[in-house]
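S.K.: I'm passing along model.cif; it holds mmCIF, C-alpha atoms.
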data_input
loop_
_atom_site.group_PDB
_atom_site.id
_atom_site.type_symbol
_atom_site.label_atom_id
_atom_site.label_comp_id
_atom_site.auth_asym_id
_atom_site.auth_seq_id
_atom_site.Cartn_x
_atom_site.Cartn_y
_atom_site.Cartn_z
ATOM 1 C CA MET D 11 -19.414 2.837 14.864
ATOM 2 C CA THR D 12 -18.974 5.750 12.502
ATOM 3 C CA SER D 13 -16.359 7.977 14.063
ATOM 4 C CA HIS D 14 -14.862 9.989 11.234
ATOM 5 C CA LEU D 15 -11.824 10.830 13.360
ATOM 6 C CA LEU D 16 -11.216 7.141 14.080
ATOM 7 C CA PHE D 17 -11.303 6.275 10.382
ATOM 8 C CA LEU D 18 -9.019 9.186 9.628
ATOM 9 C CA MET D 19 -6.527 8.049 12.259
ATOM 10 C CA LEU D 20 -6.744 4.425 11.139
ATOM 11 C CA PHE D 21 -6.086 5.422 7.538
ATOM 12 C CA ALA D 22 -3.211 7.691 8.582
ATOM 13 C CA PHE D 23 -1.749 4.880 10.682
ATOM 14 C CA PHE D 24 -1.718 2.334 7.867
ATOM 15 C CA VAL D 25 -0.376 4.707 5.231
ATOM 16 C CA SER D 26 2.305 6.113 7.569
ATOM 17 C CA LEU D 27 3.353 2.623 8.579
ATOM 18 C CA VAL D 28 3.781 1.362 5.016
ATOM 19 C CA PHE D 29 5.525 4.510 3.777
ATOM 20 C CA ALA D 30 7.879 4.669 6.756
ATOM 21 C CA VAL D 31 8.909 1.034 6.298
ATOM 22 C CA LEU D 32 9.279 1.540 2.541
ATOM 23 C CA LEU D 33 11.391 4.668 2.821
ATOM 24 C CA ARG D 34 13.652 3.867 5.776
ATOM 25 C CA ASP D 35 15.765 0.831 6.632
ATOM 26 C CA ASP D 36 16.689 1.545 10.234
ATOM 27 C CA PRO D 37 13.905 0.788 12.773
ATOM 28 C CA GLY D 38 14.560 4.027 14.657
ATOM 29 C CA ALA D 39 14.324 6.085 11.484
ATOM 30 C CA GLN D 40 11.193 4.172 10.499
ATOM 31 C CA LEU D 41 9.584 5.046 13.823
ATOM 32 C CA ARG D 42 10.484 8.723 13.516
ATOM 33 C CA THR D 43 9.347 8.980 9.907
ATOM 34 C CA GLY D 44 6.134 7.083 10.618
ATOM 35 C CA ALA D 45 5.298 9.225 13.638
ATOM 36 C CA LEU D 46 6.024 12.409 11.703
ATOM 37 C CA MET D 47 3.839 11.299 8.798
ATOM 38 C CA PHE D 48 1.029 10.238 11.112
ATOM 39 C CA VAL D 49 1.044 13.561 12.937
ATOM 40 C CA GLY D 50 1.243 15.354 9.588
ATOM 41 C CA PHE D 51 -1.738 13.463 8.187
ATOM 42 C CA VAL D 52 -3.957 13.925 11.233
ATOM 43 C CA GLY D 53 -2.817 17.486 11.943
ATOM 44 C CA SER D 54 -3.287 18.706 8.385
ATOM 45 C CA ALA D 55 -6.718 17.042 8.167
ATOM 46 C CA LEU D 56 -7.836 18.744 11.375
ATOM 47 C CA LEU D 57 -6.399 22.072 10.240
ATOM 48 C CA LEU D 58 -8.073 21.857 6.845
ATOM 49 C CA GLY D 59 -11.310 20.841 8.548
ATOM 50 C CA TRP D 60 -11.254 23.944 10.723
ATOM 51 C CA LEU D 61 -10.276 26.185 7.797
ATOM 52 C CA MET D 62 -13.250 24.869 5.817
ATOM 53 C CA TYR D 63 -15.613 25.223 8.779
ATOM 54 C CA PRO D 64 -16.945 28.685 7.826
ATOM 55 C CA LEU D 65 -17.528 27.689 4.200
ATOM 56 C CA PRO D 66 -21.176 27.240 3.294
ATOM 57 C CA LEU D 67 -22.240 23.904 1.860
ATOM 58 C CA MET M 8 20.473 -19.496 -6.593
ATOM 59 C CA ILE M 9 18.167 -16.525 -6.566
ATOM 60 C CA LEU M 10 20.720 -13.793 -6.554
ATOM 61 C CA ARG M 11 24.068 -13.440 -8.191
ATOM 62 C CA ASN M 12 26.659 -10.847 -7.441
ATOM 63 C CA MET M 13 27.650 -8.476 -10.153
ATOM 64 C CA ALA M 14 30.342 -5.874 -9.882
ATOM 65 C CA THR M 15 29.512 -2.499 -11.417
ATOM 66 C CA LYS M 16 31.817 0.411 -12.058
ATOM 67 C CA SER M 17 29.093 2.972 -12.553
ATOM 68 C CA THR M 18 28.597 3.803 -8.886
ATOM 69 C CA THR M 19 30.924 5.962 -6.907
ATOM 70 C CA ALA M 20 31.452 3.252 -4.364
ATOM 71 C CA GLU M 21 31.999 0.623 -7.072
ATOM 72 C CA ARG M 22 30.496 -1.927 -4.771
ATOM 73 C CA ALA M 23 29.176 -5.318 -5.683
ATOM 74 C CA ARG M 24 25.461 -5.409 -6.252
ATOM 75 C CA ALA M 25 23.038 -8.284 -6.049
ATOM 76 C CA THR M 26 20.791 -8.692 -9.052
ATOM 77 C CA ALA M 27 18.193 -11.298 -9.803
ATOM 78 C CA GLU M 28 17.680 -13.097 -13.115
ATOM 79 C CA PRO M 29 14.859 -11.656 -15.277
ATOM 80 C CA GLY M 30 12.707 -14.765 -14.815
ATOM 81 C CA THR M 31 13.220 -14.629 -11.078
ATOM 82 C CA LEU M 32 12.265 -10.962 -11.072
ATOM 83 C CA VAL M 33 8.963 -11.779 -12.784
ATOM 84 C CA LEU M 34 8.233 -14.470 -10.201
ATOM 85 C CA LEU M 35 9.264 -12.091 -7.444
ATOM 86 C CA CYS M 36 6.858 -9.420 -8.655
ATOM 87 C CA LEU M 37 4.040 -11.952 -9.060
ATOM 88 C CA ALA M 38 4.636 -13.248 -5.530
ATOM 89 C CA ALA M 39 4.796 -9.685 -4.198
ATOM 90 C CA TRP M 40 1.496 -8.924 -5.929
ATOM 91 C CA ALA M 41 -0.265 -12.084 -4.750
ATOM 92 C CA VAL M 42 0.862 -11.811 -1.138
ATOM 93 C CA PRO M 43 1.819 -8.305 0.016
ATOM 94 C CA GLY M 44 5.319 -8.425 1.490
ATOM 95 C CA ALA M 45 6.181 -11.798 -0.064
ATOM 96 C CA GLY M 46 8.751 -10.176 -2.338
ATOM 97 C CA HIS M 47 10.587 -8.642 0.603
ATOM 98 C CA LEU M 48 10.415 -11.896 2.560
ATOM 99 C CA TRP M 49 11.837 -13.715 -0.485
ATOM 100 C CA LEU M 50 14.728 -11.257 -0.618
ATOM 101 C CA GLY M 51 15.456 -11.639 3.084
ATOM 102 C CA ARG M 52 13.963 -8.321 4.202
ATOM 103 C CA ARG M 53 11.975 -10.037 6.907
ATOM 104 C CA GLN M 54 10.988 -6.994 8.985
ATOM 105 C CA LYS M 55 9.687 -5.050 6.000
ATOM 106 C CA GLY M 56 7.966 -8.102 4.556
ATOM 107 C CA LEU M 57 6.113 -8.846 7.783
ATOM 108 C CA VAL M 58 4.920 -5.258 8.137
ATOM 109 C CA PHE M 59 3.566 -5.261 4.576
ATOM 110 C CA LEU M 60 2.080 -8.724 5.057
ATOM 111 C CA LEU M 61 0.079 -7.479 8.039
ATOM 112 C CA ALA M 62 -0.681 -3.860 7.162
ATOM 113 C CA ILE M 63 -1.903 -4.070 3.563
ATOM 114 C CA PRO M 64 -4.342 -6.999 3.943
ATOM 115 C CA ALA M 65 -5.571 -5.419 7.198
ATOM 116 C CA MET M 66 -6.247 -2.184 5.360
ATOM 117 C CA PHE M 67 -8.087 -4.104 2.634
ATOM 118 C CA ALA M 68 -10.142 -5.967 5.262
ATOM 119 C CA VAL M 69 -11.059 -2.694 6.971
ATOM 120 C CA GLY M 70 -12.213 -1.389 3.595
ATOM 121 C CA LEU M 71 -14.508 -4.393 3.172
ATOM 122 C CA LEU M 72 -15.824 -4.034 6.729
ATOM 123 C CA LEU M 73 -16.656 -0.399 6.022
ATOM 124 C CA ASP M 74 -18.952 -1.470 3.157
ATOM 125 C CA GLY M 75 -16.489 -0.417 0.484
ATOM 126 C CA ARG M 76 -16.953 -1.546 -3.083
ATOM 127 C CA ILE M 77 -14.528 -3.536 -5.187
ATOM 128 C CA PHE M 78 -15.002 -1.737 -8.465
ATOM 129 C CA PRO M 79 -15.657 -3.590 -11.729
ATOM 130 C CA PHE M 80 -13.612 -3.041 -14.889
ATOM 131 C CA ASN M 81 -15.971 -0.641 -16.550
ATOM 132 C CA LEU M 82 -14.083 1.118 -19.334
ATOM 133 C CA SER M 83 -17.025 3.354 -20.130
ATOM 134 C CA GLU M 84 -16.348 5.066 -16.790
ATOM 135 C CA PRO M 85 -12.597 5.781 -16.644
ATOM 136 C CA LEU M 86 -12.495 6.632 -12.936
ATOM 137 C CA VAL M 87 -14.267 3.386 -12.057
ATOM 138 C CA ALA M 88 -11.818 1.470 -14.258
ATOM 139 C CA LEU M 89 -8.865 3.154 -12.538
ATOM 140 C CA ALA M 90 -10.308 2.316 -9.115
ATOM 141 C CA ALA M 91 -10.695 -1.291 -10.295
ATOM 142 C CA VAL M 92 -7.019 -1.400 -11.291
ATOM 143 C CA ALA M 93 -6.079 -0.036 -7.864
ATOM 144 C CA ASP M 94 -8.252 -2.660 -6.144
ATOM 145 C CA VAL M 95 -6.529 -5.467 -8.070
ATOM 146 C CA GLY M 96 -3.193 -4.353 -6.627
ATOM 147 C CA VAL M 97 -3.865 -6.021 -3.314
ATOM 148 C CA GLY M 98 -3.468 -9.471 -4.888
ATOM 149 C CA ALA M 99 -4.832 -12.616 -3.251
ATOM 150 C CA GLY M 100 -7.155 -10.592 -1.035
ATOM 151 C CA TRP M 101 -8.840 -9.204 -4.121
ATOM 152 C CA VAL M 102 -9.151 -12.687 -5.664
ATOM 153 C CA LEU M 103 -10.641 -14.120 -2.450
ATOM 154 C CA ALA M 104 -13.045 -11.220 -2.071
ATOM 155 C CA ARG M 105 -14.253 -11.638 -5.660
ATOM 156 C CA MET M 106 -14.695 -15.391 -5.181
ATOM 157 C CA ARG M 107 -16.767 -14.843 -2.032
ATOM 158 C CA ASP M 108 -18.790 -12.026 -3.594
ATOM 159 C CA ALA M 109 -17.501 -9.640 -0.949
ATOM 160 C CA GLY M 110 -16.993 -5.987 -1.714
ATOM 161 C CA ALA M 111 -20.393 -5.403 -3.274
ATOM 162 C CA GLY M 112 -20.464 -2.064 -1.509
ATOM 163 C CA ALA M 113 -23.409 -0.433 0.209
ATOM 164 C CA VAL M 114 -23.964 3.018 -1.226
ATOM 165 C CA THR M 115 -26.409 3.849 1.538
ATOM 166 C CA SER M 116 -23.836 3.083 4.242
ATOM 167 C CA VAL M 117 -22.308 6.136 5.868
ATOM 168 C CA THR M 118 -18.886 4.495 5.650
ATOM 169 C CA PHE M 119 -19.154 3.597 1.945
ATOM 170 C CA GLU M 120 -16.685 6.232 0.743
ATOM 171 C CA TYR M 121 -14.261 5.477 3.576
ATOM 172 C CA GLY M 122 -14.362 1.821 2.621
ATOM 173 C CA ASN M 123 -13.652 2.625 -1.024
ATOM 174 C CA ILE M 124 -10.626 4.705 -0.054
ATOM 175 C CA PHE M 125 -9.233 1.975 2.188
ATOM 176 C CA LEU M 126 -9.634 -0.613 -0.602
ATOM 177 C CA ILE M 127 -8.113 1.592 -3.295
ATOM 178 C CA VAL M 128 -5.193 2.813 -1.204
ATOM 179 C CA ALA M 129 -4.377 -0.724 0.005
ATOM 180 C CA GLY M 130 -4.000 -1.779 -3.627
ATOM 181 C CA LEU M 131 -1.943 1.265 -4.562
ATOM 182 C CA LEU M 132 0.360 0.788 -1.576
ATOM 183 C CA ASN M 133 0.964 -2.795 -2.671
ATOM 184 C CA PHE M 134 1.968 -1.538 -6.123
ATOM 185 C CA LEU M 135 4.618 0.601 -4.393
ATOM 186 C CA VAL M 136 5.721 -2.405 -2.340
ATOM 187 C CA ILE M 137 6.042 -4.469 -5.542
ATOM 188 C CA LEU M 138 8.175 -1.732 -7.117
ATOM 189 C CA ASP M 139 10.363 -1.612 -4.004
ATOM 190 C CA ALA M 140 10.850 -5.393 -4.126
ATOM 191 C CA PHE M 141 11.693 -5.084 -7.836
ATOM 192 C CA ASP M 142 14.295 -2.396 -7.077
ATOM 193 C CA ILE M 143 15.854 -4.556 -4.373
ATOM 194 C CA GLY M 144 15.888 -7.518 -6.755
ATOM 195 C CA MET M 145 17.602 -5.363 -9.378
ATOM 196 C CA GLY M 146 20.249 -4.396 -6.846
ATOM 197 C CA ARG M 147 19.292 -0.740 -6.806
ATOM 198 C CA LYS M 148 18.625 -0.648 -3.090
#
Have the structure of the file written as structure tokens, please.
M.R.:
Amino acid sequence: MTSHLLFLMLFAFFVSLVFAVLLRDDPGAQLRTGALMFVGFVGSALLLGWLMYPLPL
Amino acid sequence: MILRNMATKSTTAERARATAEPGTLVLLCLAAWAVPGAGHLWLGRRQKGLVFLLAIPAMFAVGLLLDGRIFPFNLSEPLVALAAVADVGVGAGWVLARMRDAGAGAVTSVTFEYGNIFLIVAGLLNFLVILDAFDIGMGRK
């Protein structure tokens, strides 16, 4: 299985999880921070992907 | 006793802080390196410790499953040496993988680069976790 999106989301999940738990003490704040980071990671990757789409390789 | 209370006047709150002895701090950091999250568990931060204990080794295992490479200490190639340092950060997982000859990496695999990133970032995240445990042990957090 070589879904690039799956690997991207898996990576974003792990990194968001660890950073959220590191940065916040309250479980609610951890959940909010983690969700925000996850959406930020995945969203920015998709956005950058589309912005680079017209570039020749 | 692992921690002793020490009153400080430097903070605005002038609250008592818990600080660990220097020798204990070294052991704490070694434990936190060897087993991700062990430092937090030692200091009673059970929720954080368990999350690190599960997430970081899982990330390292995913990296190995994706045919990532555990880089050798090759000082003639600085980027490879830096990646090797990052890989070491994951602790016991790195030792076990080296003992079992895992992490040889398959350059021809389509997931090779993904695997490398998972392995490197798992190690780097554990370095941050060790620093966080150190800060807690010092009474800064």
S.K.: Restrict the distance test to all atoms listed in the file, flag each residue of chain D within 12 Å of chain M, and return the flagged residues as a PyMOL selection string.
M.R.: chain D and resi 11-37+40
S.K.: CA of Gly146 in chain M to CA of Arg42 in chain D: how many Å, to one decimal?
M.R.: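 Spanning CA of Gly146 in chain M to CA of Arg42 in chain D is a straight-line distance of 26.1 Å.
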S.K.: Please provide the set of residues having any atom within 9 Å of Asn123 in chain M, restricted to all atoms listed in the file, with same-chain residues fewer than 4 positions apart removed, written as a PyMOL selection string.
M.R.: chain M and resi 70-71+73-78+90+112+118-119+127-128
S.K.: I'd like the interatomic distance between CA of Ala45 in chain D and CA of Ile143 in chain M, to a tenth of an Å.
M.R.: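 Straight-line distance from CA of Ala45 in chain D to CA of Ile143 in chain M works out to 25.0 Å.
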S.K.: Could you please determine the separation between CA of Met145 in chain M and CA of Leu32 in chain M in Å, to one decimal place?
M.R.: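 Going from CA of Met145 in chain M over to CA of Leu32 in chain M covers 7.9 Å.
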S.K.: Report as a PDB file with C-alpha atoms, in the coordinates of the input the residues that result from applying the PyMOL selection byres ((chain M and resi 36) around 12) to the structure here.
M.R.:
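Okay, this is what ended up in out.pdb:
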ATOM      1  CA  ALA M  27      18.193 -11.298  -9.803  1.00  0.00           C
ATOM      2  CA  PRO M  29      14.859 -11.656 -15.277  1.00  0.00           C
ATOM      3  CA  GLY M  30      12.707 -14.765 -14.815  1.00  0.00           C
ATOM      4  CA  THR M  31      13.220 -14.629 -11.078  1.00  0.00           C
ATOM      5  CA  LEU M  32      12.265 -10.962 -11.072  1.00  0.00           C
ATOM      6  CA  VAL M  33       8.963 -11.779 -12.784  1.00  0.00           C
ATOM      7  CA  LEU M  34       8.233 -14.470 -10.201  1.00  0.00           C
ATOM      8  CA  LEU M  35       9.264 -12.091  -7.444  1.00  0.00           C
ATOM      9  CA  LEU M  37       4.040 -11.952  -9.060  1.00  0.00           C
ATOM     10  CA  ALA M  38       4.636 -13.248  -5.530  1.00  0.00           C
ATOM     11  CA  ALA M  39       4.796  -9.685  -4.198  1.00  0.00           C
ATOM     12  CA  TRP M  40       1.496  -8.924  -5.929  1.00  0.00           C
ATOM     13  CA  ALA M  41      -0.265 -12.084  -4.750  1.00  0.00           C
ATOM     14  CA  VAL M  42       0.862 -11.811  -1.138  1.00  0.00           C
ATOM     15  CA  PRO M  43       1.819  -8.305   0.016  1.00  0.00           C
ATOM     16  CA  GLY M  44       5.319  -8.425   1.490  1.00  0.00           C
ATOM     17  CA  ALA M  45       6.181 -11.798  -0.064  1.00  0.00           C
ATOM     18  CA  GLY M  46       8.751 -10.176  -2.338  1.00  0.00           C
ATOM     19  CA  HIS M  47      10.587  -8.642   0.603  1.00  0.00           C
ATOM     20  CA  TRP M  49      11.837 -13.715  -0.485  1.00  0.00           C
ATOM     21  CA  LEU M  50      14.728 -11.257  -0.618  1.00  0.00           C
ATOM     22  CA  GLY M  96      -3.193  -4.353  -6.627  1.00  0.00           C
ATOM     23  CA  GLY M  98      -3.468  -9.471  -4.888  1.00  0.00           C
ATOM     24  CA  ASN M 133       0.964  -2.795  -2.671  1.00  0.00           C
ATOM     25  CA  PHE M 134       1.968  -1.538  -6.123  1.00  0.00           C
ATOM     26  CA  LEU M 135       4.618   0.601  -4.393  1.00  0.00           C
ATOM     27  CA  VAL M 136       5.721  -2.405  -2.340  1.00  0.00           C
ATOM     28  CA  ILE M 137       6.042  -4.469  -5.542  1.00  0.00           C
ATOM     29  CA  LEU M 138       8.175  -1.732  -7.117  1.00  0.00           C
ATOM     30  CA  ASP M 139      10.363  -1.612  -4.004  1.00  0.00           C
ATOM     31  CA  ALA M 140      10.850  -5.393  -4.126  1.00  0.00           C
ATOM     32  CA  PHE M 141      11.693  -5.084  -7.836  1.00  0.00           C
ATOM     33  CA  ASP M 142      14.295  -2.396  -7.077  1.00  0.00           C
ATOM     34  CA  ILE M 143      15.854  -4.556  -4.373  1.00  0.00           C
ATOM     35  CA  GLY M 144      15.888  -7.518  -6.755  1.00  0.00           C
ATOM     36  CA  MET M 145      17.602  -5.363  -9.378  1.00  0.00           C
TER      37      MET M 145
END
S.K.: As a check of understanding, name the residues that the PyMOL selection byres ((chain M and resi 100) around 9) selects in the supplied structure, as a list in words.
M.R.: Ala41, Val42, Pro64, Phe67, Ala68, Val95, Val97, Gly98, Ala99, Trp101, Val102, Leu103, Ala104 and Arg105 of chain M
S.K.: If you keep all heavy atoms, can you output range 122-134 of chain M as a PDB file, in the first residue's frame?
M.R.:
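Saved result, selection.pdb, follows:
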ATOM      1  N   GLY M 122       9.892   6.352   4.892  1.00  0.00           N
ATOM      2  CA  GLY M 122      10.419   5.607   6.036  1.00  0.00           C
ATOM      3  C   GLY M 122      11.531   6.360   6.741  1.00  0.00           C
ATOM      4  O   GLY M 122      11.561   6.436   7.970  1.00  0.00           O
ATOM      5  N   ASN M 123      12.446   6.932   5.947  1.00  0.00           N
ATOM      6  CA  ASN M 123      13.543   7.711   6.543  1.00  0.00           C
ATOM      7  C   ASN M 123      13.002   8.859   7.390  1.00  0.00           C
ATOM      8  O   ASN M 123      13.487   9.115   8.497  1.00  0.00           O
ATOM      9  CB  ASN M 123      14.433   8.290   5.442  1.00  0.00           C
ATOM     10  CG  ASN M 123      15.253   7.232   4.758  1.00  0.00           C
ATOM     11  OD1 ASN M 123      15.430   6.142   5.291  1.00  0.00           O
ATOM     12  ND2 ASN M 123      15.744   7.534   3.576  1.00  0.00           N
ATOM     13  N   ILE M 124      12.000   9.547   6.867  1.00  0.00           N
ATOM     14  CA  ILE M 124      11.450  10.702   7.591  1.00  0.00           C
ATOM     15  C   ILE M 124      10.789  10.257   8.899  1.00  0.00           C
ATOM     16  O   ILE M 124      10.964  10.878   9.942  1.00  0.00           O
ATOM     17  CB  ILE M 124      10.437  11.471   6.702  1.00  0.00           C
ATOM     18  CG1 ILE M 124      11.142  12.051   5.484  1.00  0.00           C
ATOM     19  CG2 ILE M 124       9.729  12.554   7.487  1.00  0.00           C
ATOM     20  CD1 ILE M 124      12.269  13.006   5.795  1.00  0.00           C
ATOM     21  N   PHE M 125      10.057   9.162   8.838  1.00  0.00           N
ATOM     22  CA  PHE M 125       9.425   8.655  10.066  1.00  0.00           C
ATOM     23  C   PHE M 125      10.489   8.308  11.113  1.00  0.00           C
ATOM     24  O   PHE M 125      10.346   8.634  12.302  1.00  0.00           O
ATOM     25  CB  PHE M 125       8.569   7.418   9.770  1.00  0.00           C
ATOM     26  CG  PHE M 125       7.151   7.738   9.384  1.00  0.00           C
ATOM     27  CD1 PHE M 125       6.827   8.110   8.091  1.00  0.00           C
ATOM     28  CD2 PHE M 125       6.131   7.679  10.311  1.00  0.00           C
ATOM     29  CE1 PHE M 125       5.524   8.404   7.721  1.00  0.00           C
ATOM     30  CE2 PHE M 125       4.816   7.960   9.966  1.00  0.00           C
ATOM     31  CZ  PHE M 125       4.516   8.329   8.671  1.00  0.00           C
ATOM     32  N   LEU M 126      11.568   7.643  10.671  1.00  0.00           N
ATOM     33  CA  LEU M 126      12.625   7.240  11.616  1.00  0.00           C
ATOM     34  C   LEU M 126      13.315   8.464  12.215  1.00  0.00           C
ATOM     35  O   LEU M 126      13.531   8.550  13.429  1.00  0.00           O
ATOM     36  CB  LEU M 126      13.658   6.366  10.901  1.00  0.00           C
ATOM     37  CG  LEU M 126      13.190   4.991  10.434  1.00  0.00           C
ATOM     38  CD1 LEU M 126      14.277   4.308   9.609  1.00  0.00           C
ATOM     39  CD2 LEU M 126      12.815   4.124  11.613  1.00  0.00           C
ATOM     40  N   ILE M 127      13.659   9.411  11.352  1.00  0.00           N
ATOM     41  CA  ILE M 127      14.385  10.600  11.820  1.00  0.00           C
ATOM     42  C   ILE M 127      13.517  11.437  12.757  1.00  0.00           C
ATOM     43  O   ILE M 127      13.958  11.854  13.837  1.00  0.00           O
ATOM     44  CB  ILE M 127      14.857  11.434  10.608  1.00  0.00           C
ATOM     45  CG1 ILE M 127      15.976  10.692   9.861  1.00  0.00           C
ATOM     46  CG2 ILE M 127      15.315  12.821  11.030  1.00  0.00           C
ATOM     47  CD1 ILE M 127      16.323  11.292   8.512  1.00  0.00           C
ATOM     48  N   VAL M 128      12.280  11.657  12.360  1.00  0.00           N
ATOM     49  CA  VAL M 128      11.408  12.525  13.167  1.00  0.00           C
ATOM     50  C   VAL M 128      11.050  11.853  14.495  1.00  0.00           C
ATOM     51  O   VAL M 128      10.943  12.539  15.521  1.00  0.00           O
ATOM     52  CB  VAL M 128      10.155  12.950  12.363  1.00  0.00           C
ATOM     53  CG1 VAL M 128       9.171  13.701  13.236  1.00  0.00           C
ATOM     54  CG2 VAL M 128      10.576  13.815  11.187  1.00  0.00           C
ATOM     55  N   ALA M 129      10.918  10.532  14.511  1.00  0.00           N
ATOM     56  CA  ALA M 129      10.657   9.840  15.786  1.00  0.00           C
ATOM     57  C   ALA M 129      11.798  10.115  16.765  1.00  0.00           C
ATOM     58  O   ALA M 129      11.566  10.416  17.942  1.00  0.00           O
ATOM     59  CB  ALA M 129      10.495   8.342  15.552  1.00  0.00           C
ATOM     60  N   GLY M 130      13.019  10.029  16.270  1.00  0.00           N
ATOM     61  CA  GLY M 130      14.180  10.301  17.136  1.00  0.00           C
ATOM     62  C   GLY M 130      14.222  11.743  17.599  1.00  0.00           C
ATOM     63  O   GLY M 130      14.478  12.028  18.783  1.00  0.00           O
ATOM     64  N   LEU M 131      13.951  12.660  16.689  1.00  0.00           N
ATOM     65  CA  LEU M 131      13.986  14.087  17.061  1.00  0.00           C
ATOM     66  C   LEU M 131      12.887  14.433  18.059  1.00  0.00           C
ATOM     67  O   LEU M 131      13.102  15.222  18.992  1.00  0.00           O
ATOM     68  CB  LEU M 131      13.849  14.963  15.802  1.00  0.00           C
ATOM     69  CG  LEU M 131      15.021  14.894  14.817  1.00  0.00           C
ATOM     70  CD1 LEU M 131      14.734  15.725  13.582  1.00  0.00           C
ATOM     71  CD2 LEU M 131      16.307  15.360  15.477  1.00  0.00           C
ATOM     72  N   LEU M 132      11.708  13.827  17.868  1.00  0.00           N
ATOM     73  CA  LEU M 132      10.620  14.079  18.827  1.00  0.00           C
ATOM     74  C   LEU M 132      11.014  13.572  20.212  1.00  0.00           C
ATOM     75  O   LEU M 132      10.713  14.209  21.227  1.00  0.00           O
ATOM     76  CB  LEU M 132       9.330  13.404  18.366  1.00  0.00           C
ATOM     77  CG  LEU M 132       8.582  14.082  17.222  1.00  0.00           C
ATOM     78  CD1 LEU M 132       7.390  13.234  16.780  1.00  0.00           C
ATOM     79  CD2 LEU M 132       8.095  15.470  17.618  1.00  0.00           C
ATOM     80  N   ASN M 133      11.714  12.435  20.254  1.00  0.00           N
ATOM     81  CA  ASN M 133      12.116  11.928  21.573  1.00  0.00           C
ATOM     82  C   ASN M 133      13.137  12.855  22.228  1.00  0.00           C
ATOM     83  O   ASN M 133      13.156  12.981  23.454  1.00  0.00           O
ATOM     84  CB  ASN M 133      12.649  10.499  21.493  1.00  0.00           C
ATOM     85  CG  ASN M 133      12.628   9.821  22.846  1.00  0.00           C
ATOM     86  OD1 ASN M 133      11.702  10.037  23.639  1.00  0.00           O
ATOM     87  ND2 ASN M 133      13.642   9.035  23.145  1.00  0.00           N
ATOM     88  N   PHE M 134      13.982  13.505  21.428  1.00  0.00           N
ATOM     89  CA  PHE M 134      14.900  14.489  22.019  1.00  0.00           C
ATOM     90  C   PHE M 134      14.103  15.613  22.697  1.00  0.00           C
ATOM     91  O   PHE M 134      14.459  16.077  23.786  1.00  0.00           O
ATOM     92  CB  PHE M 134      15.820  15.075  20.944  1.00  0.00           C
ATOM     93  CG  PHE M 134      16.990  14.191  20.603  1.00  0.00           C
ATOM     94  CD1 PHE M 134      17.288  13.876  19.290  1.00  0.00           C
ATOM     95  CD2 PHE M 134      17.807  13.660  21.596  1.00  0.00           C
ATOM     96  CE1 PHE M 134      18.357  13.059  18.967  1.00  0.00           C
ATOM     97  CE2 PHE M 134      18.887  12.842  21.281  1.00  0.00           C
ATOM     98  CZ  PHE M 134      19.159  12.544  19.959  1.00  0.00           C
TER      99      PHE M 134
END
